[in-house]
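Here is the file coords.tsv (TSV, C-alpha atoms and all ligand atoms).
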chain	number	residue	atom	x	y	z
A	14	MET	CA	-2.54	-8.79	17.79
A	15	ASP	CA	-2.98	-6.06	20.39
A	16	PHE	CA	-3.40	-2.62	18.77
A	17	MET	CA	-0.29	-1.03	20.35
A	18	LYS	CA	1.76	-4.03	19.29
A	19	VAL	CA	0.47	-3.74	15.71
A	20	MET	CA	1.43	-0.05	15.62
A	21	HIS	CA	4.90	-0.69	16.99
A	22	THR	CA	5.48	-3.65	14.70
A	23	ARG	CA	4.32	-1.85	11.53
A	24	GLN	CA	7.37	-1.28	9.38
A	25	THR	CA	8.34	-1.05	5.76
A	26	THR	CA	9.30	-4.35	4.16
A	27	ARG	CA	11.20	-4.22	0.87
A	28	SER	CA	12.01	-7.87	0.32
A	29	PHE	CA	9.44	-10.64	0.02
A	30	GLN	CA	9.12	-14.39	-0.36
A	31	LYS	CA	7.41	-15.68	-3.50
A	32	PHE	CA	4.33	-17.21	-1.78
A	33	GLY	CA	1.04	-15.66	-2.82
A	34	LEU	CA	-1.50	-14.31	-0.34
A	35	SER	CA	-4.74	-16.17	0.28
A	36	GLN	CA	-8.15	-14.74	-0.58
A	37	GLY	CA	-8.82	-14.42	3.18
A	38	GLN	CA	-5.65	-12.40	3.80
A	39	VAL	CA	-6.51	-10.02	0.96
A	40	GLU	CA	-10.09	-9.67	2.15
A	41	LEU	CA	-8.95	-8.73	5.66
A	42	MET	CA	-6.78	-5.96	4.19
A	43	LEU	CA	-9.65	-4.79	1.99
A	44	GLN	CA	-11.93	-4.71	5.04
A	45	ALA	CA	-9.37	-2.58	6.85
A	46	GLY	CA	-9.22	-0.22	3.85
A	47	GLN	CA	-13.02	0.02	3.79
A	48	ASN	CA	-13.00	1.30	7.37
A	49	ALA	CA	-10.68	4.24	6.74
A	50	PRO	CA	-11.92	7.79	7.29
A	51	ILE	CA	-12.82	9.31	3.92
A	52	SER	CA	-13.10	12.99	3.03
A	53	ARG	CA	-16.76	14.13	3.06
A	54	GLY	CA	-17.75	10.46	3.52
A	55	ARG	CA	-17.68	10.04	-0.28
A	56	PHE	CA	-16.76	6.34	-0.36
A	57	GLU	CA	-18.06	6.11	-3.93
A	58	ASP	CA	-15.18	8.36	-5.07
A	59	TYR	CA	-12.56	5.65	-4.35
A	60	HIS	CA	-11.67	2.28	-5.75
A	61	ILE	CA	-9.19	-0.34	-4.52
A	62	THR	CA	-7.54	-2.71	-7.00
A	63	VAL	CA	-5.56	-5.72	-5.78
A	64	ILE	CA	-3.20	-7.29	-8.30
A	65	LYS	CA	-2.10	-10.82	-7.40
A	66	ASN	CA	-1.50	-12.10	-10.93
A	67	PRO	CA	2.27	-12.79	-11.25
A	68	GLU	CA	2.38	-11.98	-14.99
A	69	ILE	CA	0.68	-8.63	-14.48
A	70	LEU	CA	2.96	-7.82	-11.51
A	71	ALA	CA	5.96	-8.68	-13.70
A	72	ALA	CA	4.59	-6.49	-16.53
A	73	ILE	CA	4.22	-3.54	-14.12
A	74	THR	CA	7.75	-4.00	-12.75
A	75	SER	CA	9.18	-4.25	-16.23
A	76	MET	CA	7.28	-1.11	-17.37
A	77	ALA	CA	8.48	0.78	-14.25
A	78	LYS	CA	12.08	-0.07	-15.15
A	79	GLU	CA	11.50	1.17	-18.70
A	80	VAL	CA	9.74	4.39	-17.56
A	81	THR	CA	12.27	5.32	-14.85
A	82	GLY	CA	15.39	3.95	-16.57
A	83	ASN	CA	16.32	2.36	-13.25
A	84	THR	CA	16.77	-1.27	-14.24
A	85	ASP	CA	18.34	-2.38	-10.95
A	86	ARG	CA	15.39	-1.60	-8.73
A	87	ASP	CA	12.04	-3.38	-8.55
A	88	PRO	CA	9.59	-0.76	-7.19
A	89	LEU	CA	7.22	-3.59	-6.17
A	90	TYR	CA	10.07	-5.40	-4.35
A	91	GLY	CA	8.92	-8.81	-5.61
A	92	ALA	CA	5.78	-8.62	-3.42
A	93	SER	CA	2.97	-11.01	-4.28
A	94	ALA	CA	0.21	-8.38	-4.08
A	95	PHE	CA	-0.02	-4.77	-5.22
A	96	PHE	CA	-2.87	-2.67	-3.78
A	97	VAL	CA	-3.74	0.47	-5.72
A	98	VAL	CA	-6.15	3.09	-4.38
A	99	SER	CA	-7.73	5.21	-7.12
A	100	ALA	CA	-9.81	8.35	-6.76
A	101	LYS	CA	-12.27	10.23	-8.95
A	102	GLU	CA	-10.69	13.61	-8.09
A	103	PRO	CA	-6.98	12.80	-7.86
A	104	ALA	CA	-5.78	16.41	-7.57
A	105	LYS	CA	-7.78	17.20	-4.42
A	106	PRO	CA	-5.83	17.14	-1.14
A	107	GLY	CA	-8.82	15.36	0.45
A	108	SER	CA	-8.52	12.56	-2.12
A	109	ILE	CA	-4.82	12.01	-1.45
A	110	ALA	CA	-5.36	12.16	2.32
A	111	SER	CA	-8.27	9.69	2.11
A	112	ALA	CA	-6.27	7.31	-0.10
A	113	ALA	CA	-3.38	7.52	2.38
A	114	ALA	CA	-5.77	6.69	5.22
A	115	ILE	CA	-6.99	3.64	3.26
A	116	VAL	CA	-3.40	2.52	2.63
A	117	GLU	CA	-2.38	3.03	6.26
A	118	ASN	CA	-5.33	0.93	7.48
A	119	MET	CA	-4.30	-1.85	5.07
A	120	HIS	CA	-0.62	-1.50	6.08
A	121	LEU	CA	-1.59	-1.97	9.75
A	122	GLN	CA	-3.85	-4.92	8.89
A	123	ALA	CA	-1.00	-6.56	6.94
A	124	THR	CA	1.15	-6.14	10.07
A	125	ALA	CA	-1.56	-7.71	12.24
A	126	GLU	CA	-1.46	-10.70	9.87
A	127	LEU	CA	2.35	-10.82	10.29
A	128	LEU	CA	2.76	-9.93	6.61
A	129	GLY	CA	5.32	-7.50	5.26
A	130	SER	CA	4.08	-4.41	3.46
A	131	CYS	CA	5.30	-1.14	1.99
A	132	PHE	CA	3.43	2.09	1.23
A	133	VAL	CA	4.38	2.92	-2.37
A	134	MET	CA	3.94	6.30	-4.04
A	135	GLY	CA	6.91	6.26	-6.44
A	136	ILE	CA	5.29	3.87	-8.89
A	137	ILE	CA	1.97	5.70	-8.58
A	138	MET	CA	3.52	9.05	-9.55
A	139	ASP	CA	6.21	8.10	-12.08
A	140	GLY	CA	3.88	7.39	-15.02
A	141	THR	CA	4.25	3.58	-15.02
A	142	LEU	CA	0.54	2.97	-14.53
A	143	ASP	CA	-0.33	5.34	-17.41
A	144	ALA	CA	1.99	3.56	-19.82
A	145	GLU	CA	0.54	1.76	-22.84
A	146	GLY	CA	-1.25	-1.48	-21.94
A	147	ILE	CA	-0.79	-1.33	-18.15
A	148	ARG	CA	-4.02	0.26	-17.02
A	149	GLY	CA	-6.14	-2.14	-19.07
A	150	LYS	CA	-4.44	-5.10	-17.39
A	151	MET	CA	-5.22	-3.64	-13.94
A	152	GLY	CA	-8.95	-3.22	-14.51
A	153	ILE	CA	-9.14	0.23	-12.90
A	154	PRO	CA	-12.63	1.57	-13.71
A	155	GLU	CA	-13.11	4.50	-16.08
A	156	GLY	CA	-13.07	7.85	-14.28
A	157	PHE	CA	-10.65	6.76	-11.52
A	158	THR	CA	-6.95	7.63	-11.25
A	159	PRO	CA	-4.40	5.83	-9.02
A	160	VAL	CA	-3.29	8.05	-6.10
A	161	ALA	CA	-1.66	5.74	-3.54
A	162	GLY	CA	-0.43	2.18	-3.31
A	163	MET	CA	0.89	-0.58	-1.11
A	164	VAL	CA	2.64	-3.87	-1.70
A	165	ALA	CA	2.29	-6.83	0.65
A	166	GLY	CA	3.52	-10.36	0.98
A	167	TYR	CA	5.43	-12.79	3.16
A	168	PRO	CA	8.58	-11.16	4.55
A	169	HIS	CA	11.91	-12.96	4.86
A	170	GLY	CA	12.10	-13.60	8.61
A	171	TYR	CA	9.91	-11.82	11.12
A	172	LEU	CA	8.59	-8.32	11.67
A	173	HIS	CA	10.24	-6.91	14.80
A	174	ASP	CA	8.52	-5.01	17.56
A	175	ARG	CA	10.13	-1.55	17.38
A	176	PRO	CA	10.99	0.89	20.17
A	177	ARG	CA	8.15	3.04	21.44
A	178	THR	CA	9.09	6.69	21.20
A	179	LEU	CA	7.83	10.27	21.25
A	180	ASP	CA	11.01	11.49	19.53
A	181	LYS	CA	10.70	10.49	15.87
A	182	ILE	CA	8.46	13.39	14.89
A	183	ALA	CA	8.92	16.77	16.57
A	184	ASN	CA	5.92	17.74	18.64
A	185	ASN	CA	4.69	20.24	21.14
A	186	ILE	CA	1.84	20.02	23.58
A	187	VAL	CA	-0.02	23.18	24.39
A	188	GLU	CA	-1.62	22.96	27.86
B	1	LIG	C1	3.31	8.70	1.41
B	1	LIG	C2	4.38	7.64	1.45
B	1	LIG	C3	4.98	7.25	0.26
B	1	LIG	C4	5.96	6.25	0.26
B	1	LIG	N1	6.47	5.81	-0.94
B	1	LIG	C5	7.38	4.83	-0.96
B	1	LIG	C6	7.86	4.31	-2.19
B	1	LIG	O1	7.46	4.70	-3.27
B	1	LIG	N2	8.79	3.33	-2.14
B	1	LIG	C7	9.26	2.84	-0.96
B	1	LIG	O2	10.10	1.96	-0.99
B	1	LIG	N3	8.82	3.30	0.24
B	1	LIG	C8	7.88	4.27	0.27
B	1	LIG	N4	7.37	4.72	1.47
B	1	LIG	C9	7.83	4.11	2.74
B	1	LIG	C10	8.71	5.08	3.57
B	1	LIG	O3	9.96	5.23	2.96
B	1	LIG	C11	8.80	4.53	5.01
B	1	LIG	O4	7.51	4.49	5.57
B	1	LIG	C12	9.71	5.40	5.87
B	1	LIG	O5	11.04	5.34	5.43
B	1	LIG	C13	9.64	5.01	7.35
B	1	LIG	O6	9.99	3.66	7.53
B	1	LIG	P1	8.97	2.64	8.26
B	1	LIG	O7	7.74	2.54	7.41
B	1	LIG	O8	9.71	1.33	8.34
B	1	LIG	O9	8.65	3.20	9.62
B	1	LIG	C14	6.38	5.68	1.49
B	1	LIG	C15	5.75	6.09	2.67
B	1	LIG	C16	4.75	7.03	2.65
B	1	LIG	C17	4.05	7.42	3.93
Structure re-expressed in structure tokens:
Amino acid sequence: MDFMKVMHTRQTTRSFQKFGLSQGQVELMLQAGQNAPISRGRFEDYHITVIKNPEILAAITSMAKEVTGNTDRDPLYGASAFFVVSAKEPAKPGSIASAAAIVENMHLQATAELLGSCFVMGIIMDGTLDAEGIRGKMGIPEGFTPVAGMVAGYPHGYLHDRPRTLDKIANNIVE
């Protein structure tokens, strides 16, 4: 897909079909994540985990409901893959910005593959992933802490090309 079309088609999807993603689809998103700009070029300070296992996804959703007390909402939206970016120095602004750059690259790649995706921070910050038994299931290496996430999967229907605008975020141009 043409780059401008990808950018204008990128959108948040919060409802997914059950089909799982193929290895090739996941690898394309991982490749996109690998090519993100990273603070100080310290690629070794980041780790990307992709959870496709339905039982583990269900365990995370169920723990999120327990931790937040919000039993009506699935923070993973029934997506078939959950991407978690972890960093060695989670409190550093550069780590959060780098993780966000990784997620955005993957979000755009998901769009290019006509998949739905959603940047998720709520479940990263609300303590779900620190709850008893969850981290072990995710295989996040020792010394890394989750800082940003994304879910992806097949949307219901199609992603729509959205209007091109300069008005969504206030801006000024200094000549
Ligand atoms: C840093 C960040 C964190 C976000 N966290 C969540 C989240 O936890 N749950 C969620 O449903 N959407 C989350 N979103 C998605 C935003 O709500 C969404 O991008 C925004 O409403 C704009 O809609 P659009 O992506 O369709 O353009 C997050 C987006 C960003 C950039």
remark   = A straight line from atom CA of Pro154 of chain A to atom CA of Leu128 of chain A spans 28.0 Å
With all atoms listed in the file counted and 7 Å as the cut-off, give the residues of chain A in contact with ligand LIG 1 (chain B), each with its shortest interatomic distance in Å and the pair that gives it, as CSV.
residue,atom,partner,partner_atom,distance
A:Arg23,CA,B:LIG1,O9,6.9
A:Gln24,CA,B:LIG1,O8,3.7
A:Thr25,CA,B:LIG1,O8,3.8
A:Arg27,CA,B:LIG1,O2,6.5
A:Pro88,CA,B:LIG1,N2,6.5
A:Ala113,CA,B:LIG1,C1,6.9
A:Cys131,CA,B:LIG1,C9,5.9
A:Phe132,CA,B:LIG1,C14,4.7
A:Val133,CA,B:LIG1,O1,3.7
A:Met134,CA,B:LIG1,O1,3.9
A:Gly135,CA,B:LIG1,O1,3.6
A:Ile136,CA,B:LIG1,O1,6.1
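The gap separating atom CA of Gln44 of chain A from atom CA of Ala77 of chain A is 28.6 Å, in Å to one decimal.
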message = Quick check, in Å to one decimal: how far apart do atom CA of Gly152 of chain A and atom CA of Ile137 of chain A lie?
response =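 For atom CA of Gly152 of chain A relative to atom CA of Ile137 of chain A, the distance reads 15.3 Å.
Residues in contact with Glu155 of chain A at 12 Å, where only C-alpha atoms are counted and same-chain residues fewer than 4 positions away are skipped, are listed as Asp58, Tyr59, His60, Ser99, Ala100, Lys101, Arg148, Gly149, Met151 and Pro159 of chain A.
With all atoms listed in the file as the atoms that count, the minimum distance from Gly107 of chain A to the choices A:Arg175, A:Lys150, A:Arg55, A:Arg86 is reached by A:Arg55.
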request  = Can you pull out every residue within 10 Å of Leu127 of chain A, counting all atoms listed in the file, but drop anything in the same chain fewer than 5 positions away, and send it as a ChimeraX atom specification?
outcome  = /A:14,19,22-23,121-122,166-168,171-173
Where atoms are missing, can you supply all heavy atoms for segment 124-135 of chain A and output the lot as a PDB file, keeping the file's coordinate frame?
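This is the output file rebuild.pdb:
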ATOM      1  N   THR A 124       0.287  -5.904   8.904  1.00  0.00           N
ATOM      2  CA  THR A 124       1.150  -6.140  10.070  1.00  0.00           C
ATOM      3  C   THR A 124       0.473  -7.087  11.050  1.00  0.00           C
ATOM      4  O   THR A 124       1.101  -8.018  11.566  1.00  0.00           O
ATOM      5  CB  THR A 124       1.466  -4.802  10.778  1.00  0.00           C
ATOM      6  OG1 THR A 124       2.007  -3.892   9.815  1.00  0.00           O
ATOM      7  CG2 THR A 124       2.424  -4.991  11.927  1.00  0.00           C
ATOM      8  N   ALA A 125      -0.823  -6.853  11.286  1.00  0.00           N
ATOM      9  CA  ALA A 125      -1.560  -7.710  12.240  1.00  0.00           C
ATOM     10  C   ALA A 125      -1.589  -9.159  11.752  1.00  0.00           C
ATOM     11  O   ALA A 125      -1.684 -10.083  12.549  1.00  0.00           O
ATOM     12  CB  ALA A 125      -2.977  -7.177  12.413  1.00  0.00           C
ATOM     13  N   GLU A 126      -1.495  -9.344  10.434  1.00  0.00           N
ATOM     14  CA  GLU A 126      -1.460 -10.700   9.870  1.00  0.00           C
ATOM     15  C   GLU A 126      -0.029 -11.222   9.757  1.00  0.00           C
ATOM     16  O   GLU A 126       0.205 -12.250   9.121  1.00  0.00           O
ATOM     17  CB  GLU A 126      -2.103 -10.689   8.478  1.00  0.00           C
ATOM     18  CG  GLU A 126      -3.589 -10.389   8.482  1.00  0.00           C
ATOM     19  CD  GLU A 126      -4.138 -10.252   7.068  1.00  0.00           C
ATOM     20  OE1 GLU A 126      -4.009 -11.198   6.294  1.00  0.00           O
ATOM     21  OE2 GLU A 126      -4.661  -9.173   6.746  1.00  0.00           O
ATOM     22  N   LEU A 127       0.919 -10.475  10.315  1.00  0.00           N
ATOM     23  CA  LEU A 127       2.350 -10.820  10.290  1.00  0.00           C
ATOM     24  C   LEU A 127       2.913 -10.826   8.871  1.00  0.00           C
ATOM     25  O   LEU A 127       3.899 -11.510   8.578  1.00  0.00           O
ATOM     26  CB  LEU A 127       2.625 -12.153  10.987  1.00  0.00           C
ATOM     27  CG  LEU A 127       2.218 -12.181  12.467  1.00  0.00           C
ATOM     28  CD1 LEU A 127       2.395 -13.571  13.049  1.00  0.00           C
ATOM     29  CD2 LEU A 127       3.041 -11.169  13.266  1.00  0.00           C
ATOM     30  N   LEU A 128       2.263 -10.052   7.983  1.00  0.00           N
ATOM     31  CA  LEU A 128       2.760  -9.930   6.610  1.00  0.00           C
ATOM     32  C   LEU A 128       3.630  -8.689   6.503  1.00  0.00           C
ATOM     33  O   LEU A 128       3.469  -7.725   7.266  1.00  0.00           O
ATOM     34  CB  LEU A 128       1.579  -9.805   5.639  1.00  0.00           C
ATOM     35  CG  LEU A 128       0.673 -11.034   5.556  1.00  0.00           C
ATOM     36  CD1 LEU A 128      -0.586 -10.718   4.760  1.00  0.00           C
ATOM     37  CD2 LEU A 128       1.431 -12.211   4.917  1.00  0.00           C
ATOM     38  N   GLY A 129       4.532  -8.700   5.542  1.00  0.00           N
ATOM     39  CA  GLY A 129       5.320  -7.500   5.260  1.00  0.00           C
ATOM     40  C   GLY A 129       4.534  -6.624   4.306  1.00  0.00           C
ATOM     41  O   GLY A 129       3.729  -7.127   3.505  1.00  0.00           O
ATOM     42  N   SER A 130       4.770  -5.310   4.380  1.00  0.00           N
ATOM     43  CA  SER A 130       4.080  -4.410   3.460  1.00  0.00           C
ATOM     44  C   SER A 130       4.875  -3.119   3.310  1.00  0.00           C
ATOM     45  O   SER A 130       5.727  -2.805   4.144  1.00  0.00           O
ATOM     46  CB  SER A 130       2.646  -4.120   3.925  1.00  0.00           C
ATOM     47  OG  SER A 130       2.608  -3.813   5.305  1.00  0.00           O
ATOM     48  N   CYS A 131       4.601  -2.417   2.241  1.00  0.00           N
ATOM     49  CA  CYS A 131       5.300  -1.140   1.990  1.00  0.00           C
ATOM     50  C   CYS A 131       4.339  -0.194   1.290  1.00  0.00           C
ATOM     51  O   CYS A 131       3.710  -0.555   0.291  1.00  0.00           O
ATOM     52  CB  CYS A 131       6.524  -1.399   1.098  1.00  0.00           C
ATOM     53  SG  CYS A 131       7.443   0.093   0.643  1.00  0.00           S
ATOM     54  N   PHE A 132       4.207   0.995   1.832  1.00  0.00           N
ATOM     55  CA  PHE A 132       3.430   2.090   1.230  1.00  0.00           C
ATOM     56  C   PHE A 132       4.222   2.492  -0.005  1.00  0.00           C
ATOM     57  O   PHE A 132       5.419   2.753   0.096  1.00  0.00           O
ATOM     58  CB  PHE A 132       3.412   3.231   2.260  1.00  0.00           C
ATOM     59  CG  PHE A 132       2.337   4.257   2.087  1.00  0.00           C
ATOM     60  CD1 PHE A 132       1.570   4.645   3.179  1.00  0.00           C
ATOM     61  CD2 PHE A 132       2.097   4.868   0.875  1.00  0.00           C
ATOM     62  CE1 PHE A 132       0.585   5.625   3.069  1.00  0.00           C
ATOM     63  CE2 PHE A 132       1.120   5.840   0.749  1.00  0.00           C
ATOM     64  CZ  PHE A 132       0.362   6.215   1.847  1.00  0.00           C
ATOM     65  N   VAL A 133       3.627   2.503  -1.180  1.00  0.00           N
ATOM     66  CA  VAL A 133       4.380   2.920  -2.370  1.00  0.00           C
ATOM     67  C   VAL A 133       3.696   4.083  -3.086  1.00  0.00           C
ATOM     68  O   VAL A 133       2.517   4.012  -3.399  1.00  0.00           O
ATOM     69  CB  VAL A 133       4.636   1.759  -3.367  1.00  0.00           C
ATOM     70  CG1 VAL A 133       5.654   0.766  -2.815  1.00  0.00           C
ATOM     71  CG2 VAL A 133       3.374   1.047  -3.782  1.00  0.00           C
ATOM     72  N   MET A 134       4.449   5.152  -3.277  1.00  0.00           N
ATOM     73  CA  MET A 134       3.940   6.300  -4.040  1.00  0.00           C
ATOM     74  C   MET A 134       4.751   6.493  -5.310  1.00  0.00           C
ATOM     75  O   MET A 134       4.240   7.039  -6.295  1.00  0.00           O
ATOM     76  CB  MET A 134       4.019   7.583  -3.205  1.00  0.00           C
ATOM     77  CG  MET A 134       2.941   7.700  -2.152  1.00  0.00           C
ATOM     78  SD  MET A 134       1.277   7.709  -2.823  1.00  0.00           S
ATOM     79  CE  MET A 134       1.041   9.450  -3.122  1.00  0.00           C
ATOM     80  N   GLY A 135       6.023   6.054  -5.289  1.00  0.00           N
ATOM     81  CA  GLY A 135       6.910   6.260  -6.440  1.00  0.00           C
ATOM     82  C   GLY A 135       6.267   5.735  -7.711  1.00  0.00           C
ATOM     83  O   GLY A 135       6.101   6.472  -8.700  1.00  0.00           O
TER      84      GLY A 135
END
